[in-house]
Amino acid sequence: MDRLPIDLTLQEIADIFSGQVMGSTDTRIEGLSTLELAQPGDLAFFSMSRYSSQLHSTQASAVIVSQKLIHLCPERIRKIVYPNPLEAFMKLIRRLAPSDNPYAHSEIMADEKGRSISKMADVSEAAQIASYVFVGAHAKVGAGTFVGPNVVIGPYAEVGRDCYIHPGCVIGPHCIIGNGVILQPGVVVGSDGFGYYQEGGVHVKIPHLGAVVIEDDVEIGANTAIDRAVLGNTLIQKGVKIDNLVQIAHNVKIGNGALIVAQTGIAGSSQVGNYAVLGGQVGVVGHIRVGDGVRMAAGSALSKSIEKKGDYAGRPAMPIDVWRKSIVAVRYLTDNIKEIMKDIKHGKRTK
Amino acid sequence: MDRLPIDLTLQEIADIFSGQVMGSTDTRIEGLSTLELAQPGDLAFFSMSRYSSQLHSTQASAVIVSQKLIHLCPERIRKIVYPNPLEAFMKLIRRLAPSDNPYAHSEIMADEKGRSISKMADVSEAAQIASYVFVGAHAKVGAGTFVGPNVVIGPYAEVGRDCYIHPGCVIGPHCIIGNGVILQPGVVVGSDGFGYYQEGGVHVKIPHLGAVVIEDDVEIGANTAIDRAVLGNTLIQKGVKIDNLVQIAHNVKIGNGALIVAQTGIAGSSQVGNYAVLGGQVGVVGHIRVGDGVRMAAGSALSKSIEKKGDYAGRPAMPIDVWRKSIVAVRYLTDNIKEIMKDIKHGKRTK
Amino acid sequence: MDRLPIDLTLQEIADIFSGQVMGSTDTRIEGLSTLELAQPGDLAFFSMSRYSSQLHSTQASAVIVSQKLIHLCPERIRKIVYPNPLEAFMKLIRRLAPSDNPYAHSEIMADEKGRSISKMADVSEAAQIASYVFVGAHAKVGAGTFVGPNVVIGPYAEVGRDCYIHPGCVIGPHCIIGNGVILQPGVVVGSDGFGYYQEGGVHVKIPHLGAVVIEDDVEIGANTAIDRAVLGNTLIQKGVKIDNLVQIAHNVKIGNGALIVAQTGIAGSSQVGNYAVLGGQVGVVGHIRVGDGVRMAAGSALSKSIEKKGDYAGRPAMPIDVWRKSIVAVRYLTDNIKEIMKDIKHGKRTK
């Protein structure tokens with residue numbers, strides 16, 4: 001979901017995490033969301049100055065903000081002040097999110113072919129469902145789609161037309177798969193993201209209320225895992241191809257036609273541009289952007305955004321020609337280290 | 001399969017990708033294959049000069065070749081000229097490969113013990129098949145083999161004698177598992193390789209018509225993925241031991257008794273020699289060879305073939321003693337960088 | 001199990017691997033175990049001098065030890081001398097361990113809801129078990145626990161109260177899961193560790209007789225694999241959170257509240273301290289210790305123990321400020337390599 005519906009006053013909300021309401025305390029809040037996804041009446045949070053442009057485009061009626069960043073907030077938005085707005089928001093989500101199990105109301109009654117398809121599911125007669133497939137309540141499967149043995153399609157999940165879901169995949173509740181999508185065996189779509197906040201030495205789990213959306217013509221490799229978003233969706237856009245054993249964290253967005261080679265990992269909320277290519281075993285930290293058409297060599301790692309199209313390599317990543325020179329330079333250093341050390345020791349190189 | 005049977009003239013084939021036939025255009029072609037696997041009457045492709053020795057041993061009757069490399073082709077082989085022979089070949093495969101779903105004709109009828117074993121499968125009475133196992137049409141399971149709960153054995157797949165297939169594994173269609181093989185839980189054998197060619201900005205999937213062959217006494221770790229070949233087989237030879245979460249790409253060959261530690265990835269068409277040892281989190285790029293008895297330290301990466309037996313480390317990999325020196329050298333550089341910079345700035349080191 | 005019960009004399013044991021008994025040869029041995037886990041009457045092995053303190057606290061009655069280290073053994077402990085004590089011990093385990101299949105005596109009879117729950121299992125009526133779940137003989141599932149579709153709970157495994165086991169997980173025989181534990185889809189708990197010894201060019205498998213113990217309030221990410229111990233347990237302590245596609249090898253111990261980010265791998269017998277944080281794609285070699293509160297940056301690798309709390313980065317890992325300097329230093333070297341080379345070549349820097 002994009003927003004968690006609630007019905008509380010600003011003061012009632014602030015009391016949950018001991019925040020301080022600025023101005024009128026009895027404004028009613030109808031939902032919790034992000035600056036990007038909020039509707040009028042919603043509360044969001046603002047915690048990184050580099051996202052300040054979102055404050056101007058947001059429809060949120062109120063935000064949680066620290067004293068330090070409050071000057072960036074437009075007048076029209078109501079404020080709750082708290083030193084760590086993200087933590088406060090996560091506490092709210094944790095407290096107010098429904099805790100019911102989406103699988104709870106699924107019927108589980110195997111048919112004579114060994115399938116367990118909810119009577120409340122909408123499975124096309126032109127879909128082919130193999131043995132030991134579970135299709136949860138309110139899930140949909142489109143025409144021409146093949147669902148292999150031992151696949152789980154969670155409640156409210158949707159699989160489009162002409163997909164091929166290989167054996168042993170798990171498509172979590174509420175996740176959406178487009179048309180012509182191929183999932184190789186063992187793919188997990190919609191695991192919870194890795195998100196916790198600390199409270200008295202305990203890591204408290206942040207509920208992941210969002211889902212995963214996979215657009216048309218995507219292919220995903222064996223045993224790859226794609227986490228669902230906290231709010232909104234982890235998004236794999238049209239024509240993306242992902243190899244085996246790749247990790248896609250919560251709230252990541254992969255642009256049209258991007259290629260992600262095996263064992264690469266992309267951390268939370270990062271974005272990969274259209275037709276970008278990430279070689280095998282690449283690492284991308286959270287909250288950054290890999291630009292359109294950027295090509296990262298196998299084994300490289302990115303800790304800052306790269307926008308400029310081109311080839312990059314190394315850990316941390318640099319333009320590939322610089323990286324090649326650095327390999328040569330280190331080799332030269334290694335081969336001549338004794339001379340260089342002698343030099344320094346003899347005082348030749350220090351003034 | 002090793003070759004895709006077809007029945008077309010050279011000209012009909014060339015028309016598919018707008019290639020130019022040299023000499024007689026009405027020669028009939030009976031199959032598409034690689035230089036290595038082709039039979040007389042087959043068409044293959046030749047795109048890398050370093051594989052030119054295959055041109056002399058091949059049984060192929062015709063090849064697709066670029067103008068640039070045509071001089072390397074023996075007289076006796078007919079030619080279709082095209083700038084990118086691999087792409088042309090993939091287009092042919094894509095156009096001419098059968099698109100039927102191997103699971104389509106499997107019966108799916110659970111028995112009272114909750115197994116779905118095709119009547120057309122050949123399962124030894126001395127094999128033990130647990131709950132929720134799917135065994136496809138024409139698949140075989142040998143005597144003394146245990147197949148754990150929730151395992152999928154695809155149509156035409158074969159599992160030998162005295163194997164132990166832990167729960168949740170997927171063995172894809174046509175894959176062959178020898179005797180005494182152990183698959184830990186969640187292993188995927190026979191996922192499609194990661195192969196596409198671009199056509200108008202779209203990544204077009206290359207059908208993977210080959211399979212995976214796993215020889216006797218191999219053990220494979222939890223959630224490891226082994227891709228099937230485009231043509232021919234991905235091959236895991238006798239006595240190989242592979243750890244958890246390893247990626248073995250299409251057309252890779254792992255030699256007898258090699259050890260592959262967890263989270264290592266081997267890219268397409270690369271070969272690992274007999275009794276080689278790849279430590280954890282190693283990366284091997286495509287189309288190279290790791291020689292017999294080569295030992296790669298954990299975390300190392302290989303982008304060129306290494307033939308000489310010995311210990312290697314680093315990214316890119318180098319002999320381990322050189323790597324150790326390089327670590328010391330960089331540390332020395334780091335600790336003395338101010339002195340070195342001063343030197344340069346003061347003009348002492350530039351003439 | 002912590003020890004393998006046997007009933008043999010020292011001489012009968014030594015004969016299995018051609019070891020030499022010191023002193024009385026007819027002492028009866030009641031079990032094989034490690035120095036740490038042994039009970040009086042057991043035989044253990046001693047092979048690394050840095051573990052010599054365990055020789056003084058052990059309850060083992062006898063050890064296998066090399067001639068070289070025999071002087072470290074207290075008088076009271078009987079000895080079998082052999083050059084490679086670990087290998088000898090593994091041969092004993094291999095020879096004497098029971099080879100029965102734990103799944104063999106499970107009934108496999110699907111109920112009308114498509115579950116296969118052994119009559120000898122102890123599943124709480126307040127647990128919810130979804131379709132195509134296998135629960136083996138003598139396994140236990142506690143109240144309030146949800147077990148998703150296609151999960152396998154092996155014989156003698158135990159899952160506590162209020163757990164959420166997502167679809168497609170495999171919990172191996174004898175593994176123990178505490179209360180409030182969450183397993184994301186595709187988690188494998190209790191795969192065999194990667195352990196072999198060589199005998200005439202053949203890698204002989206070391207039986208893994210131990211299990212995995214996961215304490216309360218742990219969460220484990222999608223497609224992560226946790227291997228069982230050879231003897232004793234791989235231990236994930238209270239409140240640990242592990243992300244997707246992580247590899248935890250046999251006999252590893254992860255301390256309370258530690259965080260392990262995606263695609264990290266921890267090799268055999270290593271220990272991670274309380275509240276340590278391992279970023280994504282970190283590598284930790286075997287038999288070392290990551291101290292309490294140590295924080296390893298994403299992509300770093302550890303080949304020696306680090307005890308001191310703080311932030312570390314790099315391959316091999318160093319204090320993060322040193323690593324940052326080394327990146328700058330190598331960049332400086334790269335940018336000025338021509339000057340430095342010229343210098344050396346012109347004989348300016350050699351005496």
# chains A, B, ... in the order shown; residues from 1 in each chain; ligands from 1

call {"tool": "interface_residues", "arguments": {"of": "chain B", "to": "chain C", "cutoff": "7 Å", "atoms": "only C-alpha atoms", "output": "JSON, numbers by chain"}}
result
{"B": [112, 113, 114, 130, 131, 132, 149, 150, 167, 184, 185, 222, 223, 239, 243, 244, 330, 331, 333, 334, 337, 349, 350]}

call {"tool": "residues_around", "arguments": {"residues": "Pro5 (chain C)", "least_positions_apart": "2", "cutoff": "10 Å", "atoms": "only C-alpha atoms", "output": "number ranges by chain"}}
result
C: 1-3, 7-8, 29-33, 42, 96-97

call {"tool": "residues_around", "arguments": {"residues": "Gly210 (chain C)", "least_positions_apart": "3", "cutoff": "6 Å", "atoms": "only C-alpha atoms", "output": "list in words"}}
result
Met1, Arg228, Ala229, Val230, Leu231, Gly232 and Asn233 of chain C

call {"tool": "select_by_dssp", "arguments": {"residues": "region 1-233 of chain B", "states": "alpha helix (DSSP H)", "output": "tab-separated table (two decimals) with all heavy atoms, in the first residue's frame"}}
result
chain	number	residue	atom	x	y	z
B	10	LEU	N	20.79	-22.98	-47.09
B	10	LEU	CA	21.65	-21.90	-46.61
B	10	LEU	C	21.01	-20.53	-46.87
B	10	LEU	O	21.05	-19.63	-46.03
B	10	LEU	CB	23.02	-21.95	-47.30
B	10	LEU	CG	24.10	-22.82	-46.66
B	10	LEU	CD1	25.40	-22.67	-47.44
B	10	LEU	CD2	24.32	-22.43	-45.19
B	11	GLN	N	20.40	-20.41	-48.05
B	11	GLN	CA	19.80	-19.13	-48.40
B	11	GLN	C	18.61	-18.81	-47.50
B	11	GLN	O	18.44	-17.68	-47.05
B	11	GLN	CB	19.37	-19.13	-49.88
B	11	GLN	CG	18.89	-17.76	-50.36
B	11	GLN	CD	19.99	-16.71	-50.24
B	11	GLN	OE1	21.09	-16.88	-50.74
B	11	GLN	NE2	19.71	-15.62	-49.52
B	12	GLU	N	17.78	-19.83	-47.26
B	12	GLU	CA	16.62	-19.60	-46.37
B	12	GLU	C	17.09	-19.17	-44.99
B	12	GLU	O	16.47	-18.32	-44.34
B	12	GLU	CB	15.79	-20.89	-46.27
B	12	GLU	CG	14.96	-21.18	-47.53
B	12	GLU	CD	14.38	-22.59	-47.56
B	12	GLU	OE1	14.94	-23.49	-46.90
B	12	GLU	OE2	13.37	-22.78	-48.27
B	13	ILE	N	18.19	-19.76	-44.53
B	13	ILE	CA	18.73	-19.39	-43.23
B	13	ILE	C	19.27	-17.96	-43.26
B	13	ILE	O	18.97	-17.15	-42.37
B	13	ILE	CB	19.86	-20.37	-42.83
B	13	ILE	CG1	19.24	-21.74	-42.51
B	13	ILE	CG2	20.66	-19.85	-41.65
B	13	ILE	CD1	20.25	-22.85	-42.36
B	14	ALA	N	20.06	-17.66	-44.28
B	14	ALA	CA	20.67	-16.33	-44.37
B	14	ALA	C	19.61	-15.24	-44.42
B	14	ALA	O	19.80	-14.13	-43.90
B	14	ALA	CB	21.59	-16.25	-45.58
B	15	ASP	N	18.47	-15.58	-45.03
B	15	ASP	CA	17.39	-14.58	-45.14
B	15	ASP	C	16.84	-14.17	-43.77
B	15	ASP	O	16.35	-13.06	-43.60
B	15	ASP	CB	16.24	-15.13	-45.99
B	15	ASP	CG	16.62	-15.18	-47.48
B	15	ASP	OD1	17.65	-14.57	-47.85
B	15	ASP	OD2	15.90	-15.83	-48.26
B	16	ILE	N	16.94	-15.06	-42.82
B	16	ILE	CA	16.37	-14.76	-41.50
B	16	ILE	C	17.09	-13.59	-40.85
B	16	ILE	O	16.48	-12.75	-40.19
B	16	ILE	CB	16.42	-16.02	-40.60
B	16	ILE	CG1	15.41	-17.05	-41.14
B	16	ILE	CG2	16.12	-15.69	-39.14
B	16	ILE	CD1	15.46	-18.41	-40.44
B	17	PHE	N	18.42	-13.50	-41.04
B	17	PHE	CA	19.16	-12.40	-40.41
B	17	PHE	C	19.87	-11.51	-41.43
B	17	PHE	O	20.75	-10.72	-41.08
B	17	PHE	CB	20.15	-12.95	-39.38
B	17	PHE	CG	21.14	-13.95	-39.92
B	17	PHE	CD1	22.35	-13.53	-40.46
B	17	PHE	CD2	20.87	-15.32	-39.89
B	17	PHE	CE1	23.27	-14.45	-40.94
B	17	PHE	CE2	21.78	-16.24	-40.38
B	17	PHE	CZ	22.98	-15.82	-40.92
B	53	SER	N	41.12	-23.07	-33.74
B	53	SER	CA	41.47	-24.50	-33.86
B	53	SER	C	40.19	-25.34	-34.01
B	53	SER	O	40.20	-26.38	-34.65
B	53	SER	CB	42.26	-24.95	-32.64
B	53	SER	OG	41.43	-24.91	-31.50
B	54	GLN	N	39.10	-24.86	-33.43
B	54	GLN	CA	37.83	-25.60	-33.56
B	54	GLN	C	37.36	-25.66	-35.02
B	54	GLN	O	36.62	-26.57	-35.39
B	54	GLN	CB	36.75	-24.95	-32.69
B	54	GLN	CG	37.01	-25.10	-31.20
B	54	GLN	CD	35.89	-24.50	-30.36
B	54	GLN	OE1	34.99	-23.85	-30.86
B	54	GLN	NE2	35.94	-24.74	-29.06
B	55	LEU	N	37.78	-24.68	-35.80
B	55	LEU	CA	37.37	-24.67	-37.21
B	55	LEU	C	37.94	-25.87	-37.95
B	55	LEU	O	37.39	-26.32	-38.96
B	55	LEU	CB	37.87	-23.40	-37.90
B	55	LEU	CG	37.01	-22.15	-37.72
B	55	LEU	CD1	37.72	-20.96	-38.34
B	55	LEU	CD2	35.64	-22.35	-38.35
B	56	HIS	N	39.07	-26.36	-37.45
B	56	HIS	CA	39.74	-27.45	-38.16
B	56	HIS	C	39.25	-28.82	-37.71
B	56	HIS	O	39.25	-29.77	-38.46
B	56	HIS	CB	41.25	-27.29	-38.03
B	56	HIS	CG	41.70	-26.02	-38.65
B	56	HIS	ND1	41.86	-25.87	-40.01
B	56	HIS	CD2	41.92	-24.79	-38.12
B	56	HIS	CE1	42.18	-24.61	-40.28
B	56	HIS	NE2	42.23	-23.94	-39.15
B	57	SER	N	38.77	-28.88	-36.46
B	57	SER	CA	38.28	-30.16	-35.95
B	57	SER	C	36.77	-30.31	-36.11
B	57	SER	O	36.23	-31.40	-36.00
B	57	SER	CB	38.66	-30.31	-34.48
B	57	SER	OG	38.18	-29.20	-33.75
B	85	PRO	N	28.36	-12.79	-35.95
B	85	PRO	CA	27.90	-14.18	-36.12
B	85	PRO	C	27.13	-14.72	-34.91
B	85	PRO	O	26.17	-15.46	-35.07
B	85	PRO	CB	29.22	-14.96	-36.32
B	85	PRO	CG	30.19	-13.95	-36.82
B	85	PRO	CD	29.81	-12.67	-36.13
B	86	LEU	N	27.56	-14.34	-33.71
B	86	LEU	CA	26.87	-14.83	-32.51
B	86	LEU	C	25.42	-14.34	-32.50
B	86	LEU	O	24.48	-15.11	-32.26
B	86	LEU	CB	27.61	-14.35	-31.25
B	86	LEU	CG	26.95	-14.73	-29.93
B	86	LEU	CD1	26.81	-16.24	-29.79
B	86	LEU	CD2	27.75	-14.18	-28.74
B	87	GLU	N	25.25	-13.07	-32.79
B	87	GLU	CA	23.90	-12.50	-32.80
B	87	GLU	C	23.03	-13.20	-33.85
B	87	GLU	O	21.88	-13.54	-33.60
B	87	GLU	CB	23.97	-11.00	-33.07
B	87	GLU	CG	22.62	-10.31	-33.00
B	87	GLU	CD	22.69	-8.91	-33.58
B	87	GLU	OE1	23.24	-8.03	-32.90
B	87	GLU	OE2	22.21	-8.71	-34.72
B	88	ALA	N	23.63	-13.41	-35.03
B	88	ALA	CA	22.88	-14.08	-36.10
B	88	ALA	C	22.44	-15.47	-35.64
B	88	ALA	O	21.29	-15.88	-35.84
B	88	ALA	CB	23.75	-14.19	-37.35
B	89	PHE	N	23.38	-16.18	-35.00
B	89	PHE	CA	23.08	-17.53	-34.55
B	89	PHE	C	21.96	-17.53	-33.50
B	89	PHE	O	21.04	-18.35	-33.54
B	89	PHE	CB	24.35	-18.16	-33.98
B	89	PHE	CG	24.23	-19.62	-33.71
B	89	PHE	CD1	24.34	-20.54	-34.74
B	89	PHE	CD2	23.99	-20.10	-32.43
B	89	PHE	CE1	24.23	-21.91	-34.50
B	89	PHE	CE2	23.88	-21.45	-32.18
B	89	PHE	CZ	23.99	-22.36	-33.22
B	90	MET	N	22.03	-16.56	-32.58
B	90	MET	CA	21.01	-16.49	-31.53
B	90	MET	C	19.63	-16.17	-32.13
B	90	MET	O	18.62	-16.69	-31.68
B	90	MET	CB	21.40	-15.43	-30.49
B	90	MET	CG	22.63	-15.82	-29.67
B	90	MET	SD	22.49	-17.51	-28.97
B	90	MET	CE	24.21	-17.85	-28.55
B	91	LYS	N	19.65	-15.33	-33.15
B	91	LYS	CA	18.38	-15.04	-33.83
B	91	LYS	C	17.80	-16.31	-34.45
B	91	LYS	O	16.59	-16.54	-34.41
B	91	LYS	CB	18.59	-13.99	-34.92
B	91	LYS	CG	18.64	-12.59	-34.38
B	91	LYS	CD	18.71	-11.57	-35.52
B	91	LYS	CE	18.90	-10.17	-34.94
B	91	LYS	NZ	19.06	-9.16	-35.99
B	92	LEU	N	18.66	-17.12	-35.04
B	92	LEU	CA	18.20	-18.37	-35.64
B	92	LEU	C	17.59	-19.29	-34.58
B	92	LEU	O	16.52	-19.87	-34.76
B	92	LEU	CB	19.35	-19.10	-36.33
B	92	LEU	CG	19.90	-18.46	-37.61
B	92	LEU	CD1	21.07	-19.26	-38.14
B	92	LEU	CD2	18.79	-18.36	-38.66
B	93	ILE	N	18.33	-19.43	-33.49
B	93	ILE	CA	17.85	-20.28	-32.40
B	93	ILE	C	16.48	-19.79	-31.92
B	93	ILE	O	15.53	-20.54	-31.77
B	93	ILE	CB	18.84	-20.25	-31.21
B	93	ILE	CG1	20.18	-20.88	-31.59
B	93	ILE	CG2	18.23	-20.90	-29.98
B	93	ILE	CD1	20.29	-22.35	-31.33
B	94	ARG	N	16.45	-18.49	-31.70
B	94	ARG	CA	15.22	-17.87	-31.22
B	94	ARG	C	14.06	-18.14	-32.17
B	94	ARG	O	12.94	-18.45	-31.76
B	94	ARG	CB	15.47	-16.37	-31.09
B	94	ARG	CG	14.27	-15.51	-30.83
B	94	ARG	CD	13.94	-15.41	-29.37
B	94	ARG	NE	12.70	-14.68	-29.18
B	94	ARG	CZ	12.10	-14.53	-28.02
B	94	ARG	NH1	12.62	-15.03	-26.93
B	94	ARG	NH2	10.98	-13.88	-27.92
B	95	ARG	N	14.32	-18.02	-33.48
B	95	ARG	CA	13.26	-18.18	-34.47
B	95	ARG	C	12.86	-19.64	-34.66
B	95	ARG	O	11.67	-19.96	-34.83
B	95	ARG	CB	13.74	-17.62	-35.82
B	95	ARG	CG	12.74	-17.77	-36.97
B	95	ARG	CD	11.59	-16.78	-36.87
B	95	ARG	NE	12.06	-15.45	-37.18
B	95	ARG	CZ	12.11	-14.94	-38.40
B	95	ARG	NH1	11.64	-15.62	-39.42
B	95	ARG	NH2	12.58	-13.73	-38.61
B	96	LEU	N	13.83	-20.55	-34.58
B	96	LEU	CA	13.57	-21.92	-35.01
B	96	LEU	C	13.35	-22.91	-33.85
B	96	LEU	O	12.90	-24.03	-34.09
B	96	LEU	CB	14.72	-22.40	-35.91
B	96	LEU	CG	14.94	-21.53	-37.16
B	96	LEU	CD1	16.24	-21.92	-37.87
B	96	LEU	CD2	13.75	-21.64	-38.12

call {"tool": "residues_around", "arguments": {"residues": "Tyr312 (chain B)", "least_positions_apart": "4", "cutoff": "7 Å", "atoms": "only C-alpha atoms", "output": "list of chain:residue names"}}
result
B:Arg295, B:Met296, B:Ala297, B:Ala317, B:Met318, B:Pro319, B:Ile320

call {"tool": "write_last_selection", "arguments": {"atoms": "all heavy atoms", "output": "tab-separated table (two decimals), in the first residue's frame"}}
result
chain	number	residue	atom	x	y	z
B	295	ARG	N	44.47	-22.64	-7.15
B	295	ARG	CA	43.74	-22.34	-5.93
B	295	ARG	C	43.54	-20.83	-5.82
B	295	ARG	O	44.51	-20.08	-5.74
B	295	ARG	CB	44.51	-22.86	-4.71
B	295	ARG	CG	44.73	-24.37	-4.73
B	295	ARG	CD	45.85	-24.79	-3.79
B	295	ARG	NE	45.67	-24.27	-2.47
B	295	ARG	CZ	45.12	-24.97	-1.45
B	295	ARG	NH1	44.75	-26.21	-1.63
B	295	ARG	NH2	44.97	-24.41	-0.29
B	296	MET	N	42.30	-20.39	-5.82
B	296	MET	CA	41.98	-18.97	-5.73
B	296	MET	C	41.54	-18.67	-4.30
B	296	MET	O	40.59	-19.29	-3.81
B	296	MET	CB	40.82	-18.63	-6.67
B	296	MET	CG	40.99	-19.11	-8.10
B	296	MET	SD	41.66	-17.81	-9.12
B	296	MET	CE	40.39	-16.55	-8.89
B	297	ALA	N	42.19	-17.70	-3.66
B	297	ALA	CA	41.82	-17.33	-2.29
B	297	ALA	C	40.41	-16.73	-2.24
B	297	ALA	O	39.92	-16.19	-3.25
B	297	ALA	CB	42.83	-16.34	-1.73
B	317	ALA	N	43.05	-11.19	-9.80
B	317	ALA	CA	43.90	-12.18	-9.13
B	317	ALA	C	45.34	-12.12	-9.61
B	317	ALA	O	45.60	-11.87	-10.79
B	317	ALA	CB	43.33	-13.57	-9.35
B	318	MET	N	46.25	-12.35	-8.68
B	318	MET	CA	47.69	-12.42	-8.99
B	318	MET	C	48.27	-13.51	-8.07
B	318	MET	O	47.58	-13.97	-7.15
B	318	MET	CB	48.34	-11.07	-8.70
B	318	MET	CG	48.12	-10.56	-7.29
B	318	MET	SD	48.48	-8.76	-7.12
B	318	MET	CE	46.85	-8.05	-7.43
B	319	PRO	N	49.51	-13.93	-8.32
B	319	PRO	CA	50.09	-14.93	-7.41
B	319	PRO	C	49.98	-14.43	-5.96
B	319	PRO	O	50.19	-13.23	-5.71
B	319	PRO	CB	51.54	-15.02	-7.89
B	319	PRO	CG	51.45	-14.68	-9.35
B	319	PRO	CD	50.40	-13.62	-9.44
B	320	ILE	N	49.70	-15.32	-5.04
B	320	ILE	CA	49.33	-14.87	-3.70
B	320	ILE	C	50.45	-14.13	-3.01
B	320	ILE	O	50.19	-13.21	-2.21
B	320	ILE	CB	48.79	-16.05	-2.85
B	320	ILE	CG1	47.96	-15.53	-1.68
B	320	ILE	CG2	49.92	-16.96	-2.38
B	320	ILE	CD1	47.11	-16.58	-1.00

call {"tool": "residues_around", "arguments": {"residues": "Ala127 (chain C)", "least_positions_apart": "6", "cutoff": "9 Å", "atoms": "only C-alpha atoms", "output": "number ranges by chain"}}
result
C: 141-147, 161-162

call {"tool": "write_last_selection", "arguments": {"atoms": "N, CA and C atoms", "output": "PDB file, in the first residue's frame"}}
result
ATOM      1  N   VAL C 141       5.658 -27.935  16.662  1.00  0.00           N
ATOM      2  CA  VAL C 141       5.322 -26.576  16.236  1.00  0.00           C
ATOM      3  C   VAL C 141       4.474 -25.947  17.335  1.00  0.00           C
ATOM      4  N   GLY C 142       4.891 -24.754  17.807  1.00  0.00           N
ATOM      5  CA  GLY C 142       4.243 -24.137  18.970  1.00  0.00           C
ATOM      6  C   GLY C 142       3.003 -23.324  18.636  1.00  0.00           C
ATOM      7  N   ALA C 143       2.292 -22.929  19.669  1.00  0.00           N
ATOM      8  CA  ALA C 143       1.053 -22.152  19.536  1.00  0.00           C
ATOM      9  C   ALA C 143       1.322 -20.792  18.926  1.00  0.00           C
ATOM     10  N   GLY C 144       0.378 -20.343  18.111  1.00  0.00           N
ATOM     11  CA  GLY C 144       0.482 -19.007  17.534  1.00  0.00           C
ATOM     12  C   GLY C 144       1.417 -18.922  16.351  1.00  0.00           C
ATOM     13  N   THR C 145       2.009 -20.023  15.991  1.00  0.00           N
ATOM     14  CA  THR C 145       2.952 -20.028  14.859  1.00  0.00           C
ATOM     15  C   THR C 145       2.218 -20.261  13.553  1.00  0.00           C
ATOM     16  N   PHE C 146       2.612 -19.520  12.517  1.00  0.00           N
ATOM     17  CA  PHE C 146       2.083 -19.718  11.173  1.00  0.00           C
ATOM     18  C   PHE C 146       3.158 -20.379  10.316  1.00  0.00           C
ATOM     19  N   VAL C 147       2.776 -21.453   9.652  1.00  0.00           N
ATOM     20  CA  VAL C 147       3.689 -22.138   8.736  1.00  0.00           C
ATOM     21  C   VAL C 147       3.094 -22.034   7.335  1.00  0.00           C
ATOM     22  N   ARG C 161       6.870 -20.819  19.670  1.00  0.00           N
ATOM     23  CA  ARG C 161       5.591 -20.111  19.654  1.00  0.00           C
ATOM     24  C   ARG C 161       5.702 -18.820  18.839  1.00  0.00           C
ATOM     25  N   ASP C 162       4.565 -18.426  18.264  1.00  0.00           N
ATOM     26  CA  ASP C 162       4.446 -17.112  17.628  1.00  0.00           C
ATOM     27  C   ASP C 162       5.510 -16.845  16.563  1.00  0.00           C
TER      28      ASP C 162
END

call {"tool": "decode", "arguments": {"residues": "region 234-241 of chain C", "atoms": "N, CA and C atoms", "output": "PDB file, in the first residue's frame"}}
result
ATOM      1  N   THR C 234      25.335 -24.890  15.191  1.00  0.00           N
ATOM      2  CA  THR C 234      25.468 -23.541  14.662  1.00  0.00           C
ATOM      3  C   THR C 234      24.452 -22.716  15.445  1.00  0.00           C
ATOM      4  N   LEU C 235      24.880 -21.572  15.960  1.00  0.00           N
ATOM      5  CA  LEU C 235      24.036 -20.859  16.930  1.00  0.00           C
ATOM      6  C   LEU C 235      23.761 -19.420  16.497  1.00  0.00           C
ATOM      7  N   ILE C 236      22.484 -19.100  16.378  1.00  0.00           N
ATOM      8  CA  ILE C 236      22.064 -17.726  16.074  1.00  0.00           C
ATOM      9  C   ILE C 236      21.357 -17.222  17.333  1.00  0.00           C
ATOM     10  N   GLN C 237      22.004 -16.287  18.028  1.00  0.00           N
ATOM     11  CA  GLN C 237      21.476 -15.903  19.341  1.00  0.00           C
ATOM     12  C   GLN C 237      20.335 -14.888  19.258  1.00  0.00           C
ATOM     13  N   LYS C 238      19.783 -14.642  20.413  1.00  0.00           N
ATOM     14  CA  LYS C 238      18.560 -13.843  20.555  1.00  0.00           C
ATOM     15  C   LYS C 238      18.642 -12.493  19.827  1.00  0.00           C
ATOM     16  N   GLY C 239      17.579 -12.194  19.091  1.00  0.00           N
ATOM     17  CA  GLY C 239      17.444 -10.873  18.493  1.00  0.00           C
ATOM     18  C   GLY C 239      18.319 -10.597  17.292  1.00  0.00           C
ATOM     19  N   VAL C 240      19.030 -11.588  16.801  1.00  0.00           N
ATOM     20  CA  VAL C 240      19.855 -11.396  15.597  1.00  0.00           C
ATOM     21  C   VAL C 240      18.944 -11.188  14.391  1.00  0.00           C
ATOM     22  N   LYS C 241      19.346 -10.290  13.489  1.00  0.00           N
ATOM     23  CA  LYS C 241      18.600 -10.077  12.249  1.00  0.00           C
ATOM     24  C   LYS C 241      19.541 -10.326  11.074  1.00  0.00           C
TER      25      LYS C 241
END
